[in-house]
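Coordinates as given in upload20.txt (compact mmCIF, N, CA and C atoms):
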# COMPACT_ATOMS: atom_id res chain seq x y z
N MET A 1 -62.65 -5.90 -4.20
CA MET A 1 -61.40 -6.61 -4.05
C MET A 1 -61.60 -8.03 -4.55
N SER A 2 -60.63 -8.51 -5.25
CA SER A 2 -60.73 -9.81 -5.88
C SER A 2 -59.57 -10.69 -5.43
N THR A 3 -59.85 -11.94 -5.16
CA THR A 3 -58.83 -12.91 -4.80
C THR A 3 -58.89 -14.07 -5.78
N THR A 4 -57.75 -14.45 -6.30
CA THR A 4 -57.69 -15.57 -7.23
C THR A 4 -56.64 -16.56 -6.75
N ASP A 5 -57.04 -17.80 -6.56
CA ASP A 5 -56.09 -18.87 -6.22
C ASP A 5 -55.69 -19.58 -7.49
N PHE A 6 -54.41 -19.89 -7.61
CA PHE A 6 -53.89 -20.58 -8.78
C PHE A 6 -53.48 -22.00 -8.41
N PHE A 7 -53.94 -22.96 -9.22
CA PHE A 7 -53.60 -24.37 -9.03
C PHE A 7 -53.06 -24.92 -10.33
N CYS A 8 -52.15 -25.86 -10.23
CA CYS A 8 -51.64 -26.53 -11.42
C CYS A 8 -52.77 -27.38 -12.00
N PRO A 9 -53.06 -27.23 -13.30
CA PRO A 9 -54.13 -28.02 -13.90
C PRO A 9 -53.79 -29.51 -14.01
N ASN A 10 -52.51 -29.81 -13.91
CA ASN A 10 -52.06 -31.20 -14.05
C ASN A 10 -52.09 -31.95 -12.71
N CYS A 11 -51.43 -31.39 -11.68
CA CYS A 11 -51.29 -32.11 -10.40
C CYS A 11 -52.05 -31.45 -9.25
N LYS A 12 -52.71 -30.33 -9.51
CA LYS A 12 -53.55 -29.61 -8.53
C LYS A 12 -52.75 -28.98 -7.38
N THR A 13 -51.46 -28.79 -7.54
CA THR A 13 -50.64 -28.10 -6.54
C THR A 13 -51.04 -26.64 -6.48
N HIS A 14 -51.18 -26.10 -5.26
CA HIS A 14 -51.50 -24.68 -5.10
C HIS A 14 -50.26 -23.86 -5.45
N LEU A 15 -50.42 -22.95 -6.41
CA LEU A 15 -49.28 -22.17 -6.90
C LEU A 15 -49.22 -20.77 -6.33
N GLY A 16 -50.27 -20.34 -5.68
CA GLY A 16 -50.26 -19.01 -5.09
C GLY A 16 -51.63 -18.35 -5.15
N THR A 17 -51.70 -17.19 -4.55
CA THR A 17 -52.93 -16.40 -4.49
C THR A 17 -52.63 -15.00 -4.96
N ARG A 18 -53.52 -14.43 -5.74
CA ARG A 18 -53.37 -13.06 -6.21
C ARG A 18 -54.50 -12.23 -5.62
N PHE A 19 -54.14 -11.10 -5.03
CA PHE A 19 -55.11 -10.14 -4.53
C PHE A 19 -55.07 -8.95 -5.46
N SER A 20 -56.20 -8.56 -5.96
CA SER A 20 -56.22 -7.39 -6.85
C SER A 20 -57.55 -6.68 -6.71
N ILE A 21 -57.59 -5.47 -7.26
CA ILE A 21 -58.80 -4.68 -7.15
C ILE A 21 -59.83 -5.08 -8.18
N SER A 22 -59.40 -5.74 -9.23
CA SER A 22 -60.32 -6.14 -10.27
C SER A 22 -59.72 -7.28 -11.07
N LYS A 23 -60.53 -8.21 -11.48
CA LYS A 23 -60.04 -9.30 -12.32
C LYS A 23 -59.71 -8.79 -13.72
N LYS A 24 -60.18 -7.59 -14.08
CA LYS A 24 -59.94 -7.04 -15.40
C LYS A 24 -58.53 -6.48 -15.54
N ILE A 25 -57.92 -6.09 -14.42
CA ILE A 25 -56.59 -5.49 -14.47
C ILE A 25 -55.55 -6.59 -14.70
N THR A 26 -54.72 -6.39 -15.71
CA THR A 26 -53.65 -7.34 -15.99
C THR A 26 -52.61 -7.23 -14.89
N ASP A 27 -52.24 -8.35 -14.33
CA ASP A 27 -51.28 -8.37 -13.25
C ASP A 27 -49.87 -8.21 -13.80
N ILE A 28 -48.99 -7.63 -12.99
CA ILE A 28 -47.59 -7.50 -13.36
C ILE A 28 -46.89 -8.78 -12.90
N GLY A 29 -46.30 -9.48 -13.83
CA GLY A 29 -45.60 -10.71 -13.47
C GLY A 29 -45.23 -11.51 -14.70
N PRO A 30 -44.65 -12.68 -14.48
CA PRO A 30 -44.24 -13.51 -15.62
C PRO A 30 -45.45 -14.07 -16.36
N ALA A 31 -45.34 -14.19 -17.66
CA ALA A 31 -46.43 -14.70 -18.49
C ALA A 31 -46.58 -16.21 -18.32
N VAL A 32 -45.50 -16.87 -17.94
CA VAL A 32 -45.52 -18.33 -17.75
C VAL A 32 -44.80 -18.67 -16.46
N ILE A 33 -45.39 -19.58 -15.68
CA ILE A 33 -44.71 -20.09 -14.49
C ILE A 33 -44.61 -21.61 -14.61
N GLN A 34 -43.71 -22.18 -13.84
CA GLN A 34 -43.52 -23.63 -13.87
C GLN A 34 -43.96 -24.22 -12.55
N CYS A 35 -44.79 -25.25 -12.61
CA CYS A 35 -45.24 -25.93 -11.40
C CYS A 35 -44.04 -26.58 -10.73
N PRO A 36 -43.86 -26.33 -9.42
CA PRO A 36 -42.71 -26.93 -8.73
C PRO A 36 -42.85 -28.45 -8.54
N SER A 37 -44.07 -28.95 -8.64
CA SER A 37 -44.28 -30.39 -8.43
C SER A 37 -44.10 -31.22 -9.70
N CYS A 38 -44.75 -30.78 -10.78
CA CYS A 38 -44.74 -31.61 -12.00
C CYS A 38 -44.02 -30.96 -13.18
N SER A 39 -43.52 -29.73 -13.00
CA SER A 39 -42.76 -28.98 -14.01
C SER A 39 -43.58 -28.54 -15.22
N LEU A 40 -44.90 -28.58 -15.11
CA LEU A 40 -45.76 -28.11 -16.20
C LEU A 40 -45.62 -26.60 -16.36
N GLN A 41 -45.49 -26.13 -17.59
CA GLN A 41 -45.45 -24.70 -17.89
C GLN A 41 -46.89 -24.18 -17.95
N ILE A 42 -47.22 -23.13 -17.17
CA ILE A 42 -48.59 -22.65 -17.04
C ILE A 42 -48.66 -21.18 -17.41
N LYS A 43 -49.56 -20.83 -18.31
CA LYS A 43 -49.77 -19.43 -18.70
C LYS A 43 -50.51 -18.70 -17.58
N THR A 44 -50.05 -17.48 -17.24
CA THR A 44 -50.61 -16.74 -16.11
C THR A 44 -51.51 -15.56 -16.51
N ASN A 45 -51.49 -15.16 -17.77
CA ASN A 45 -52.18 -13.94 -18.23
C ASN A 45 -51.61 -12.67 -17.61
N SER A 46 -50.40 -12.75 -17.09
CA SER A 46 -49.70 -11.59 -16.57
C SER A 46 -48.73 -11.09 -17.63
N LYS A 47 -48.23 -9.87 -17.42
CA LYS A 47 -47.23 -9.29 -18.32
C LYS A 47 -46.15 -8.64 -17.48
N GLU A 48 -44.94 -8.67 -17.98
CA GLU A 48 -43.86 -7.94 -17.32
C GLU A 48 -44.01 -6.45 -17.61
N TRP A 49 -43.49 -5.62 -16.73
CA TRP A 49 -43.66 -4.17 -16.84
C TRP A 49 -43.20 -3.64 -18.19
N VAL A 50 -42.11 -4.16 -18.72
CA VAL A 50 -41.59 -3.67 -20.00
C VAL A 50 -42.51 -4.02 -21.17
N GLU A 51 -43.40 -4.98 -20.99
CA GLU A 51 -44.33 -5.38 -22.05
C GLU A 51 -45.57 -4.49 -22.11
N PHE A 52 -45.82 -3.70 -21.07
CA PHE A 52 -46.94 -2.76 -21.08
C PHE A 52 -46.56 -1.55 -21.92
N ASN A 53 -47.48 -1.06 -22.76
CA ASN A 53 -47.19 0.18 -23.46
C ASN A 53 -47.50 1.36 -22.54
N PHE A 54 -47.20 2.57 -22.99
CA PHE A 54 -47.36 3.75 -22.15
C PHE A 54 -48.80 3.91 -21.65
N LEU A 55 -49.77 3.73 -22.52
CA LEU A 55 -51.17 3.88 -22.11
C LEU A 55 -51.58 2.81 -21.10
N GLU A 56 -51.11 1.58 -21.27
CA GLU A 56 -51.42 0.52 -20.31
C GLU A 56 -50.80 0.80 -18.94
N LYS A 57 -49.56 1.29 -18.95
CA LYS A 57 -48.91 1.64 -17.68
C LYS A 57 -49.66 2.76 -16.98
N THR A 58 -50.03 3.78 -17.75
CA THR A 58 -50.76 4.92 -17.18
C THR A 58 -52.10 4.46 -16.62
N ARG A 59 -52.82 3.64 -17.38
CA ARG A 59 -54.12 3.14 -16.92
C ARG A 59 -53.98 2.29 -15.67
N LEU A 60 -52.95 1.45 -15.62
CA LEU A 60 -52.73 0.60 -14.46
C LEU A 60 -52.45 1.43 -13.21
N TRP A 61 -51.56 2.42 -13.32
CA TRP A 61 -51.27 3.29 -12.18
C TRP A 61 -52.52 4.05 -11.76
N PHE A 62 -53.27 4.57 -12.73
CA PHE A 62 -54.48 5.33 -12.40
C PHE A 62 -55.49 4.44 -11.68
N GLU A 63 -55.73 3.24 -12.20
CA GLU A 63 -56.73 2.35 -11.59
C GLU A 63 -56.34 1.99 -10.16
N VAL A 64 -55.08 1.68 -9.94
CA VAL A 64 -54.63 1.30 -8.60
C VAL A 64 -54.77 2.49 -7.65
N TYR A 65 -54.26 3.64 -8.04
CA TYR A 65 -54.31 4.80 -7.14
C TYR A 65 -55.72 5.35 -6.98
N PHE A 66 -56.49 5.36 -8.04
CA PHE A 66 -57.87 5.83 -7.92
C PHE A 66 -58.64 4.95 -6.96
N TYR A 67 -58.51 3.65 -7.13
CA TYR A 67 -59.27 2.72 -6.29
C TYR A 67 -58.91 2.89 -4.82
N TYR A 68 -57.61 2.90 -4.51
CA TYR A 68 -57.20 2.95 -3.11
C TYR A 68 -57.21 4.36 -2.54
N ALA A 69 -56.77 5.36 -3.31
CA ALA A 69 -56.68 6.71 -2.77
C ALA A 69 -58.03 7.42 -2.74
N VAL A 70 -58.92 7.08 -3.67
CA VAL A 70 -60.20 7.79 -3.75
C VAL A 70 -61.34 6.97 -3.17
N LEU A 71 -61.31 5.66 -3.31
CA LEU A 71 -62.43 4.85 -2.85
C LEU A 71 -62.17 4.14 -1.52
N ILE A 72 -61.12 3.37 -1.42
CA ILE A 72 -60.87 2.56 -0.23
C ILE A 72 -60.28 3.38 0.92
N GLY A 73 -59.26 4.18 0.65
CA GLY A 73 -58.61 4.97 1.70
C GLY A 73 -59.58 5.82 2.51
N PRO A 74 -60.44 6.61 1.84
CA PRO A 74 -61.38 7.42 2.61
C PRO A 74 -62.37 6.60 3.45
N VAL A 75 -62.76 5.44 2.98
CA VAL A 75 -63.67 4.59 3.76
C VAL A 75 -62.98 4.16 5.06
N PHE A 76 -61.73 3.71 4.97
CA PHE A 76 -60.98 3.33 6.17
C PHE A 76 -60.78 4.54 7.08
N ALA A 77 -60.45 5.68 6.50
CA ALA A 77 -60.22 6.89 7.28
C ALA A 77 -61.48 7.32 8.01
N TYR A 78 -62.60 7.37 7.30
CA TYR A 78 -63.86 7.79 7.93
C TYR A 78 -64.29 6.80 9.00
N THR A 79 -64.13 5.52 8.73
CA THR A 79 -64.53 4.50 9.71
C THR A 79 -63.72 4.63 10.99
N SER A 80 -62.41 4.80 10.87
CA SER A 80 -61.58 4.95 12.07
C SER A 80 -61.92 6.25 12.79
N HIS A 81 -62.14 7.34 12.05
CA HIS A 81 -62.53 8.61 12.64
C HIS A 81 -63.86 8.47 13.40
N TYR A 82 -64.83 7.83 12.76
CA TYR A 82 -66.15 7.66 13.38
C TYR A 82 -66.07 6.80 14.64
N LEU A 83 -65.35 5.67 14.55
CA LEU A 83 -65.26 4.79 15.71
C LEU A 83 -64.58 5.47 16.89
N LEU A 84 -63.52 6.21 16.62
CA LEU A 84 -62.83 6.91 17.70
C LEU A 84 -63.70 8.02 18.29
N LYS A 85 -64.36 8.78 17.44
CA LYS A 85 -65.14 9.92 17.90
C LYS A 85 -66.44 9.50 18.58
N GLU A 86 -67.18 8.62 17.96
CA GLU A 86 -68.51 8.28 18.45
C GLU A 86 -68.52 7.14 19.47
N LYS A 87 -67.69 6.16 19.28
CA LYS A 87 -67.72 4.98 20.15
C LYS A 87 -66.74 5.07 21.32
N LEU A 88 -65.57 5.63 21.08
CA LEU A 88 -64.57 5.74 22.15
C LEU A 88 -64.50 7.13 22.75
N LEU A 89 -65.32 8.04 22.23
CA LEU A 89 -65.45 9.41 22.73
C LEU A 89 -64.12 10.17 22.74
N VAL A 90 -63.31 9.95 21.72
CA VAL A 90 -62.08 10.71 21.54
C VAL A 90 -62.47 12.02 20.87
N ASN A 91 -61.75 13.11 21.19
CA ASN A 91 -62.15 14.40 20.62
C ASN A 91 -62.01 14.41 19.10
N ASP A 92 -62.70 15.34 18.48
CA ASP A 92 -62.81 15.41 17.03
C ASP A 92 -61.46 15.57 16.33
N ALA A 93 -60.60 16.44 16.88
CA ALA A 93 -59.30 16.69 16.24
C ALA A 93 -58.43 15.44 16.27
N SER A 94 -58.39 14.77 17.40
CA SER A 94 -57.56 13.57 17.52
C SER A 94 -58.06 12.46 16.60
N SER A 95 -59.36 12.29 16.55
CA SER A 95 -59.90 11.23 15.70
C SER A 95 -59.69 11.55 14.22
N ALA A 96 -59.72 12.84 13.86
CA ALA A 96 -59.45 13.24 12.48
C ALA A 96 -57.99 12.96 12.11
N ILE A 97 -57.10 13.22 13.04
CA ILE A 97 -55.67 12.95 12.79
C ILE A 97 -55.45 11.45 12.60
N VAL A 98 -56.08 10.63 13.44
CA VAL A 98 -55.95 9.18 13.30
C VAL A 98 -56.55 8.74 11.97
N GLY A 99 -57.70 9.28 11.60
CA GLY A 99 -58.33 8.96 10.32
C GLY A 99 -57.41 9.27 9.16
N PHE A 100 -56.77 10.45 9.21
CA PHE A 100 -55.84 10.82 8.14
C PHE A 100 -54.63 9.89 8.13
N ALA A 101 -54.14 9.50 9.30
CA ALA A 101 -53.00 8.58 9.38
C ALA A 101 -53.36 7.23 8.78
N VAL A 102 -54.58 6.77 9.01
CA VAL A 102 -55.04 5.51 8.43
C VAL A 102 -55.09 5.64 6.91
N TYR A 103 -55.66 6.75 6.42
CA TYR A 103 -55.73 7.00 4.98
C TYR A 103 -54.34 7.00 4.35
N LEU A 104 -53.43 7.73 4.96
CA LEU A 104 -52.07 7.83 4.45
C LEU A 104 -51.39 6.47 4.47
N SER A 105 -51.64 5.69 5.50
CA SER A 105 -51.06 4.34 5.58
C SER A 105 -51.54 3.46 4.43
N VAL A 106 -52.83 3.52 4.12
CA VAL A 106 -53.38 2.72 3.02
C VAL A 106 -52.73 3.12 1.71
N VAL A 107 -52.67 4.43 1.44
CA VAL A 107 -52.11 4.91 0.18
C VAL A 107 -50.63 4.57 0.06
N LEU A 108 -49.87 4.76 1.13
CA LEU A 108 -48.43 4.46 1.09
C LEU A 108 -48.17 2.97 0.96
N LEU A 109 -48.96 2.16 1.65
CA LEU A 109 -48.81 0.71 1.53
C LEU A 109 -49.03 0.26 0.09
N VAL A 110 -50.09 0.76 -0.53
CA VAL A 110 -50.38 0.41 -1.92
C VAL A 110 -49.28 0.92 -2.84
N HIS A 111 -48.83 2.14 -2.61
CA HIS A 111 -47.77 2.72 -3.44
C HIS A 111 -46.50 1.86 -3.39
N PHE A 112 -46.04 1.55 -2.18
CA PHE A 112 -44.79 0.80 -2.06
C PHE A 112 -44.94 -0.64 -2.56
N ARG A 113 -46.12 -1.23 -2.41
CA ARG A 113 -46.35 -2.57 -2.94
C ARG A 113 -46.31 -2.55 -4.47
N HIS A 114 -46.93 -1.53 -5.05
CA HIS A 114 -46.96 -1.42 -6.51
C HIS A 114 -45.55 -1.15 -7.06
N VAL A 115 -44.82 -0.28 -6.41
CA VAL A 115 -43.44 0.00 -6.82
C VAL A 115 -42.60 -1.27 -6.72
N ALA A 116 -42.80 -2.06 -5.67
CA ALA A 116 -42.06 -3.32 -5.51
C ALA A 116 -42.41 -4.30 -6.63
N GLN A 117 -43.68 -4.35 -7.04
CA GLN A 117 -44.07 -5.22 -8.16
C GLN A 117 -43.36 -4.80 -9.44
N VAL A 118 -43.33 -3.51 -9.71
CA VAL A 118 -42.67 -3.02 -10.92
C VAL A 118 -41.17 -3.32 -10.85
N LYS A 119 -40.55 -3.07 -9.70
CA LYS A 119 -39.12 -3.34 -9.56
C LYS A 119 -38.82 -4.82 -9.74
N ALA A 120 -39.63 -5.69 -9.14
CA ALA A 120 -39.42 -7.13 -9.29
C ALA A 120 -39.56 -7.54 -10.75
N SER A 121 -40.50 -6.94 -11.45
CA SER A 121 -40.69 -7.24 -12.86
C SER A 121 -39.48 -6.79 -13.67
N LEU A 122 -38.99 -5.61 -13.39
CA LEU A 122 -37.81 -5.10 -14.09
C LEU A 122 -36.59 -5.98 -13.80
N ASP A 123 -36.46 -6.43 -12.55
CA ASP A 123 -35.35 -7.32 -12.19
C ASP A 123 -35.44 -8.64 -12.95
N ARG A 124 -36.66 -9.22 -13.02
CA ARG A 124 -36.83 -10.48 -13.75
C ARG A 124 -36.48 -10.30 -15.23
N THR A 125 -36.90 -9.16 -15.78
CA THR A 125 -36.65 -8.89 -17.19
C THR A 125 -35.16 -8.71 -17.46
N SER A 126 -34.47 -8.00 -16.58
CA SER A 126 -33.03 -7.76 -16.79
C SER A 126 -32.24 -9.06 -16.62
N ILE A 127 -32.65 -9.93 -15.70
CA ILE A 127 -31.97 -11.21 -15.51
C ILE A 127 -32.19 -12.09 -16.74
N ALA A 128 -33.39 -12.08 -17.28
CA ALA A 128 -33.71 -12.90 -18.45
C ALA A 128 -32.94 -12.45 -19.69
N GLN A 129 -32.60 -11.14 -19.75
CA GLN A 129 -31.90 -10.63 -20.92
C GLN A 129 -30.40 -10.89 -20.85
N GLN A 130 -29.89 -11.26 -19.70
CA GLN A 130 -28.44 -11.49 -19.55
C GLN A 130 -28.04 -12.84 -20.06

With the file now loaded, output its structure as structure tokens.
Amino acid sequence: MSTTDFFCPNCKTHLGTRFSISKKITDIGPAVIQCPSCSLQIKTNSKEWVEFNFLEKTRLWFEVYFYYAVLIGPVFAYTSHYLLKEKLLVNDASSAIVGFAVYLSVVLLVHFRHVAQVKASLDRTSIAQQ
């Protein structure tokens, strides 16, 4: 997991934080933002959803879902299952159900967050075209 804080290079105002699975993945968002303090135009290295080609969109969806559904989700699920079963002495079936619920929660949270990013990008693009 990667965290990146953005600051205005001119006035050092904090512009936001990005959480992502890898610094290599291009973020969905505007290519340029404006500092609210000094009005400097700042390049973000992000792209709007419509600017991604089909292969980039496919790769982005695959990387996000692979990382969370195959790598992170099962770790959270197994950890919750183990803690309930071994430490709190909850029966195996109940702890497995909770583990699966945790896994499903991680995957659904990531899915809806990603869909919201794409929708926000499409909304920004449609407003800019009007």

Name the residues within 7 Å of (-46.4, -8.9, -14.8), counting only C-alpha atoms in the file's coordinates, and put them as a PyMOL selection string.
-> chain A and resi 27-31+46-49+121

Atom C of Ala116 of chain A to atom N of Val98 of chain A measures 28.5 Å

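Separating atom CA of Ala96 of chain A from atom CA of Phe112 of chain A is a distance of 24.1 Å.
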
Which of these residues is nearest to Ser37 of chain A, using only C-alpha atoms: A:Cys11, A:Leu55, A:Leu122, A:Ala101?
-> A:Cys11

Can you pull out every residue within 12 Å of His81 of chain A, counting only C-alpha atoms, but drop anything in the same chain fewer than 2 positions away, and send it as an NGL selection string?
-> :A and (74-79 or 83-103)

Backbone DSSP call of strand (DSSP E or B) for chain A, listed as a PyMOL selection string | chain A and resi 2-7+14-20+28+32-34+41-43+47

Interatomic distance between atom CA of Val107 of chain A and atom CA of Val70 of chain A?
-> 9.4 Å

Which residue gives the smallest distance to Phe66 of chain A among A:Leu15, A:Leu40, A:Val32, A:Val110, with only C-alpha atoms counted?
-> A:Val110

Box for segment 43-49 of chain A: with edges along x, y and z, all listed atoms inside and 5 Å added on each side, what are the centre and edge lengths in Å to one decimal, as lines of an AutoDock Vina configuration file?
center_x = -47.7
center_y = -12.2
center_z = -17.4
size_x = 19.0
size_y = 27.2
size_z = 12.6

Per DSSP on the backbone, what are the alpha helix (DSSP H) residues of segment 7-124 of chain A, as JSON, numbers by chain?
-> {"A": [54, 55, 56, 57, 58, 59, 60, 61, 62, 63, 64, 65, 73, 74, 75, 76, 77, 78, 79, 80, 81, 82, 92, 93, 94, 95, 96, 97, 98, 99, 100, 101, 102, 103, 104, 105, 106, 107, 108, 109, 110, 111, 112, 113, 114, 115, 116, 117, 118, 119, 120, 121, 122, 123, 124]}
